[in-house]
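**Student:** Please see the structure below; I have some questions.
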Amino acid sequence: MTGVTMTAPSTEPNVSPTEPTLDELVGTATNTALLPEPDAHAYDAIATGDADPLILGGHKFTSRFILGSGRYDLNLIKATIENAGTQIVTMALRRCRTTENNLLDYIPKGITMLPNTSGARNAEEAVRIARLAREVCQTDFVKVEIEHETKYLLPDNAETIRATEMLAKEGFVVMPYMFPDPIAARQLEEAGAACVMPLGSLIGSNKGLRMRDFIEVIIANAHVPVIIDAGIGRPSQAAEAMEMGADAVMAYTAIASAGNIPVMARAFKHAIEAGREAYLAGLGTVTEGHAVPSSPTNAADYLSASK
């Protein structure tokens, strides 16, 4: 066929010169200014693990999960500790015996034992238990617990402060369990506490962070680590505590009452690590009263609410 020219179909989009481009429609230039190109190495500034240790009495720990050991089957303790990745395990002195079924025989080597003064009703009793625990367990770490009654098991802050002062002078690394009173937290610091351990809710309740508002005040003003102790019932609650800025979480009942104890310990481990990383990364801004488009077109979508 003569007089006919064959040409390949055009691959260019059929866009009228008067129609806006896609970039103009979505405001790419504006978005680029507001959302700069991600830095592939931004995560390097978020220190975790060995580079983000928990310091207690001059001792460094890479795990921020403190595990209780009260009611486990002794044969499960090793697997539970290993799945938790913990480096500190609490223990009531009565479970550390010099005869058969000594709890210490079931604890992996390298674990720091944290004897508690459970059962003490005043500072003098707590100090006596702590001294016995130091001899039996060969550790200067002690968790001070002082409760007057058995229904609510609320810690006596005044007696706890007295015991902390006495034990700190004797060289103990004192980790006091306390009712979340910000004033008492500061007094415990001044008494020589290595940390403060406010309860999240009633011990053994698994109710979570019922005392959140007061714990946030303690965290904001503390000069020592803040470890959430008692009431944490789910991994999600442990992650929430870490996102708030807590330095560590102590958990026991939630794990001991789980259907699969070692697996629940591992779930808590991951939740605590995730919560810590989220806190270090910086949580996103919460907006009130309006939505923010996921693909904004201008600065106003970021910076102000729709009127």
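Naming scheme: A, B, ... for chains in displayed order of the structure tokens; residues 1 onward per chain; ligands 1 onward as shown.
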Which residues, written as a tab-separated table (two decimals) with all heavy atoms, in the first residue's frame, have at least one atom at most 12 Å from Thr150 of chain A, with only C-alpha atoms counted and residues fewer than 2 positions away on the same chain left out?
**Tutor:**
```
chain	number	residue	atom	x	y	z
A	118	SER	N	8.76	-9.97	101.23
A	118	SER	CA	7.34	-10.30	101.36
A	118	SER	C	7.05	-10.88	102.75
A	118	SER	O	7.77	-11.76	103.22
A	118	SER	CB	6.95	-11.30	100.28
A	118	SER	OG	5.61	-11.69	100.42
A	119	GLY	N	6.01	-10.38	103.38
A	119	GLY	CA	5.65	-10.82	104.72
A	119	GLY	C	6.05	-9.82	105.80
A	119	GLY	O	5.53	-9.88	106.91
A	120	ALA	N	6.95	-8.90	105.46
A	120	ALA	CA	7.36	-7.89	106.43
A	120	ALA	C	6.21	-6.91	106.68
A	120	ALA	O	5.53	-6.49	105.75
A	120	ALA	CB	8.58	-7.14	105.94
A	121	ARG	N	6.03	-6.53	107.96
A	121	ARG	CA	4.96	-5.59	108.32
A	121	ARG	C	5.49	-4.23	108.74
A	121	ARG	O	4.71	-3.30	108.93
A	121	ARG	CB	4.12	-6.19	109.46
A	121	ARG	CG	3.34	-7.45	109.03
A	121	ARG	CD	2.78	-8.17	110.23
A	121	ARG	NE	3.87	-8.69	111.07
A	121	ARG	CZ	3.67	-9.35	112.22
A	121	ARG	NH1	2.44	-9.55	112.66
A	121	ARG	NH2	4.70	-9.79	112.91
A	146	ILE	N	6.57	-4.11	102.03
A	146	ILE	CA	6.03	-4.01	103.39
A	146	ILE	C	4.53	-3.76	103.28
A	146	ILE	O	4.10	-2.73	102.74
A	146	ILE	CB	6.70	-2.87	104.18
A	146	ILE	CG1	8.22	-3.09	104.27
A	146	ILE	CG2	6.10	-2.78	105.58
A	146	ILE	CD1	8.97	-1.98	104.96
A	147	GLU	N	3.74	-4.72	103.76
A	147	GLU	CA	2.28	-4.59	103.73
A	147	GLU	C	1.72	-4.92	105.12
A	147	GLU	O	2.21	-5.83	105.79
A	147	GLU	CB	1.66	-5.54	102.71
A	147	GLU	CG	2.13	-5.30	101.28
A	147	GLU	CD	2.99	-6.43	100.71
A	147	GLU	OE1	3.30	-7.36	101.49
A	147	GLU	OE2	3.33	-6.36	99.52
A	148	HIS	N	0.67	-4.18	105.50
A	148	HIS	CA	0.06	-4.37	106.81
A	148	HIS	C	-1.07	-5.37	106.81
A	148	HIS	O	-1.35	-6.01	107.83
A	148	HIS	CB	-0.49	-3.03	107.35
A	148	HIS	CG	0.57	-2.10	107.83
A	148	HIS	ND1	1.36	-2.37	108.92
A	148	HIS	CD2	0.97	-0.90	107.38
A	148	HIS	CE1	2.20	-1.37	109.12
A	148	HIS	NE2	1.99	-0.47	108.18
A	152	TYR	N	-5.85	-6.23	100.44
A	152	TYR	CA	-5.45	-5.42	99.30
A	152	TYR	C	-3.94	-5.45	99.05
A	152	TYR	O	-3.49	-5.10	97.96
A	152	TYR	CB	-5.90	-3.97	99.49
A	152	TYR	CG	-7.40	-3.83	99.62
A	152	TYR	CD1	-7.98	-3.54	100.85
A	152	TYR	CD2	-8.24	-4.02	98.53
A	152	TYR	CE1	-9.36	-3.42	100.99
A	152	TYR	CE2	-9.61	-3.90	98.65
A	152	TYR	CZ	-10.17	-3.61	99.89
A	152	TYR	OH	-11.53	-3.50	100.01
A	153	LEU	N	-3.18	-5.85	100.04
A	153	LEU	CA	-1.72	-5.94	99.93
A	153	LEU	C	-1.09	-4.64	99.42
A	153	LEU	O	-0.18	-4.66	98.60
A	153	LEU	CB	-1.32	-7.12	99.03
A	153	LEU	CG	-1.70	-8.50	99.54
A	153	LEU	CD1	-1.38	-9.56	98.50
A	153	LEU	CD2	-0.98	-8.82	100.86
A	154	LEU	N	-1.60	-3.53	99.90
A	154	LEU	CA	-1.05	-2.24	99.50
A	154	LEU	C	0.23	-1.96	100.29
A	154	LEU	O	0.28	-2.16	101.51
A	154	LEU	CB	-2.06	-1.12	99.76
A	154	LEU	CG	-3.32	-1.17	98.88
A	154	LEU	CD1	-4.30	-0.10	99.33
A	154	LEU	CD2	-2.98	-1.00	97.41
A	155	PRO	N	1.28	-1.51	99.62
A	155	PRO	CA	2.54	-1.24	100.32
A	155	PRO	C	2.43	-0.03	101.24
A	155	PRO	O	1.74	0.94	100.93
A	155	PRO	CB	3.53	-0.98	99.18
A	155	PRO	CG	2.69	-0.56	98.02
A	155	PRO	CD	1.38	-1.27	98.17
A	202	LEU	N	-3.78	-3.45	91.82
A	202	LEU	CA	-3.61	-4.37	92.94
A	202	LEU	C	-2.79	-5.59	92.55
A	202	LEU	O	-2.98	-6.17	91.48
A	202	LEU	CB	-4.97	-4.82	93.48
A	202	LEU	CG	-5.83	-3.74	94.13
A	202	LEU	CD1	-7.15	-4.33	94.60
A	202	LEU	CD2	-5.10	-3.06	95.28
A	203	ILE	N	-1.89	-5.98	93.41
A	203	ILE	CA	-0.99	-7.09	93.13
A	203	ILE	C	-1.80	-8.36	92.82
A	203	ILE	O	-2.77	-8.69	93.49
A	203	ILE	CB	-0.02	-7.31	94.31
A	203	ILE	CG1	1.08	-8.30	93.92
A	203	ILE	CG2	-0.76	-7.76	95.56
A	203	ILE	CD1	2.20	-8.36	94.95
```
**Student:** Any chance you could list, as an MDAnalysis selection string, the residues in segment 79-203 of chain A that come up strand (DSSP E or B) when DSSP is run on the backbone?
**Tutor:** chainID A and resid 88:92 112:116 120 141:144 146:147 155 173:178 196:199
**Student:** Please, could you write that set of residues out with N, CA and C atoms as a CSV table (one decimal), in the first residue's frame?
**Tutor:**
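Dumped to result28.csv:
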```
chain,number,residue,atom,x,y,z
A,88,ILE,N,16.9,-10.7,85.7
A,88,ILE,CA,16.6,-10.6,87.1
A,88,ILE,C,15.4,-11.4,87.4
A,89,VAL,N,15.5,-12.2,88.4
A,89,VAL,CA,14.3,-13.0,88.9
A,89,VAL,C,14.1,-12.7,90.4
A,90,THR,N,12.8,-12.4,90.7
A,90,THR,CA,12.5,-12.2,92.1
A,90,THR,C,12.3,-13.5,92.8
A,91,MET,N,12.4,-13.4,94.2
A,91,MET,CA,12.2,-14.7,94.9
A,91,MET,C,11.9,-14.3,96.4
A,92,ALA,N,10.9,-15.0,96.9
A,92,ALA,CA,10.7,-14.9,98.3
A,92,ALA,C,11.7,-15.8,99.1
A,112,THR,N,20.6,-12.7,88.0
A,112,THR,CA,20.6,-11.9,89.2
A,112,THR,C,19.4,-12.2,90.0
A,113,MET,N,19.6,-12.7,91.2
A,113,MET,CA,18.4,-13.0,92.1
A,113,MET,C,18.0,-11.7,92.8
A,114,LEU,N,16.7,-11.5,92.9
A,114,LEU,CA,16.2,-10.4,93.6
A,114,LEU,C,15.3,-10.8,94.7
A,115,PRO,N,15.9,-11.1,95.9
A,115,PRO,CA,15.0,-11.5,97.1
A,115,PRO,C,14.1,-10.4,97.5
A,116,ASN,N,12.9,-10.8,97.9
A,116,ASN,CA,12.0,-9.7,98.4
A,116,ASN,C,11.7,-9.9,99.8
A,120,ALA,N,6.9,-8.9,105.5
A,120,ALA,CA,7.4,-7.9,106.4
A,120,ALA,C,6.2,-6.9,106.7
A,141,PHE,N,21.2,-7.3,96.1
A,141,PHE,CA,19.9,-6.8,95.6
A,141,PHE,C,18.8,-7.2,96.6
A,142,VAL,N,17.9,-6.3,96.8
A,142,VAL,CA,16.7,-6.6,97.6
A,142,VAL,C,15.5,-5.8,97.1
A,143,LYS,N,14.4,-6.5,97.0
A,143,LYS,CA,13.1,-5.8,96.7
A,143,LYS,C,12.4,-5.6,98.0
A,144,VAL,N,12.2,-4.4,98.5
A,144,VAL,CA,11.5,-4.1,99.7
A,144,VAL,C,10.0,-4.1,99.5
A,146,ILE,N,6.6,-4.1,102.0
A,146,ILE,CA,6.0,-4.0,103.4
A,146,ILE,C,4.5,-3.8,103.3
A,147,GLU,N,3.7,-4.7,103.8
A,147,GLU,CA,2.3,-4.6,103.7
A,147,GLU,C,1.7,-4.9,105.1
A,155,PRO,N,1.3,-1.5,99.6
A,155,PRO,CA,2.5,-1.2,100.3
A,155,PRO,C,2.4,0.0,101.2
A,173,VAL,N,21.4,-2.8,97.2
A,173,VAL,CA,20.8,-2.2,96.0
A,173,VAL,C,19.3,-2.3,96.3
A,174,VAL,N,18.7,-1.3,96.7
A,174,VAL,CA,17.3,-1.3,97.2
A,174,VAL,C,16.3,-1.0,96.1
A,175,MET,N,15.4,-1.9,95.9
A,175,MET,CA,14.3,-1.7,94.9
A,175,MET,C,13.0,-1.8,95.6
A,176,PRO,N,12.4,-0.6,96.0
A,176,PRO,CA,11.2,-0.6,96.8
A,176,PRO,C,9.9,-0.7,96.0
A,177,TYR,N,9.1,-1.6,96.4
A,177,TYR,CA,7.7,-1.7,95.9
A,177,TYR,C,6.9,-0.6,96.6
A,178,MET,N,6.1,0.2,95.9
A,178,MET,CA,5.5,1.3,96.5
A,178,MET,C,4.1,1.6,95.9
A,196,VAL,N,12.5,3.0,91.8
A,196,VAL,CA,11.2,3.0,92.5
A,196,VAL,C,10.3,2.0,91.6
A,197,MET,N,9.4,1.3,92.4
A,197,MET,CA,8.6,0.3,91.7
A,197,MET,C,7.1,0.5,92.1
A,198,PRO,N,6.5,1.5,91.4
A,198,PRO,CA,5.1,1.7,91.7
A,198,PRO,C,4.2,0.6,91.2
A,199,LEU,N,3.1,0.3,91.9
A,199,LEU,CA,2.2,-0.7,91.4
A,199,LEU,C,1.3,-0.1,90.3
```
**Student:** Quick one: everything within 10 Å of Ala222 of chain A, counting only C-alpha atoms, minus sequence neighbours fewer than 2 positions away in the same chain. Send it as a PyMOL selection string.
**Tutor:** chain A and resi 182+185-186+189+195-196+216-220+224-226
**Student:** Mind listing the helix (DSSP H, G or I) residues of segment 152-297 of chain A, per DSSP on the backbone, as a ChimeraX atom specification?
**Tutor:** /A:157-169,182-191,212-221,235-244,253-256,261-281
**Student:** Could you tell me which of A:Asn122, A:Asn221, A:Asp140, A:Glu243 comes closest to Gly284 of chain A if we count only C-alpha atoms?
**Tutor:**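 The closest residue to Gly284 of chain A is A:Glu243.
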**Student:** As a PyMOL selection string, please: the residues near segment 247-258 of chain A (cut-off 7 Å, only C-alpha atoms, same-chain neighbours under 3 positions excluded).
**Tutor:** chain A and resi 64-69+71-72+204+206+225-230+232-234+238+242+261+264-265
**Student:** How would the residues just chosen look if you wrote them out with C-alpha atoms as a PDB file, in the first residue's frame?
**Tutor:**
```
ATOM      1  CA  ARG A  64      14.072  -4.645  80.942  1.00  0.00           C
ATOM      2  CA  PHE A  65      11.844  -7.524  82.012  1.00  0.00           C
ATOM      3  CA  ILE A  66      11.964  -8.584  85.673  1.00  0.00           C
ATOM      4  CA  LEU A  67      10.332 -11.952  86.270  1.00  0.00           C
ATOM      5  CA  GLY A  68       8.652 -13.318  89.386  1.00  0.00           C
ATOM      6  CA  SER A  69       9.093 -16.941  90.434  1.00  0.00           C
ATOM      7  CA  ARG A  71       4.166 -20.293  92.074  1.00  0.00           C
ATOM      8  CA  TYR A  72       5.763 -21.892  89.033  1.00  0.00           C
ATOM      9  CA  GLY A 204      -2.087 -10.268  91.367  1.00  0.00           C
ATOM     10  CA  ASN A 206      -3.999  -8.518  86.168  1.00  0.00           C
ATOM     11  CA  PRO A 225      14.645   4.051  86.982  1.00  0.00           C
ATOM     12  CA  VAL A 226      10.894   3.549  87.325  1.00  0.00           C
ATOM     13  CA  ILE A 227       9.834  -0.102  87.187  1.00  0.00           C
ATOM     14  CA  ILE A 228       6.136  -0.930  86.986  1.00  0.00           C
ATOM     15  CA  ASP A 229       5.383  -3.662  89.497  1.00  0.00           C
ATOM     16  CA  ALA A 230       2.098  -5.465  90.220  1.00  0.00           C
ATOM     17  CA  ILE A 232       0.299  -5.958  84.702  1.00  0.00           C
ATOM     18  CA  GLY A 233      -1.856  -8.701  83.207  1.00  0.00           C
ATOM     19  CA  ARG A 234      -1.180  -8.751  79.458  1.00  0.00           C
ATOM     20  CA  ALA A 238       3.476  -4.140  79.509  1.00  0.00           C
ATOM     21  CA  MET A 242       7.098   1.024  78.381  1.00  0.00           C
ATOM     22  CA  ILE A 261       3.833 -20.247  80.858  1.00  0.00           C
ATOM     23  CA  MET A 264       3.538 -16.157  77.670  1.00  0.00           C
ATOM     24  CA  ALA A 265       6.945 -15.183  79.079  1.00  0.00           C
TER      25      ALA A 265
END
```
**Student:** So what do you get for atom CA of Ile55 of chain A versus atom CA of Arg210 of chain A, distance-wise?
**Tutor:**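 Interatomic distance, atom CA of Ile55 of chain A to atom CA of Arg210 of chain A: 26.6 Å.
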**Student:** What does the distance from atom CA of Gly200 of chain A to atom CA of Tyr106 of chain A come to in Å, to one decimal?
**Tutor:** 29.0 Å
**Student:** Please compute the atom CA of Leu283 of chain A-atom CA of Ala246 of chain A distance, one decimal, in Å.
**Tutor:**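 Interatomic distance, atom CA of Leu283 of chain A to atom CA of Ala246 of chain A: 14.2 Å.
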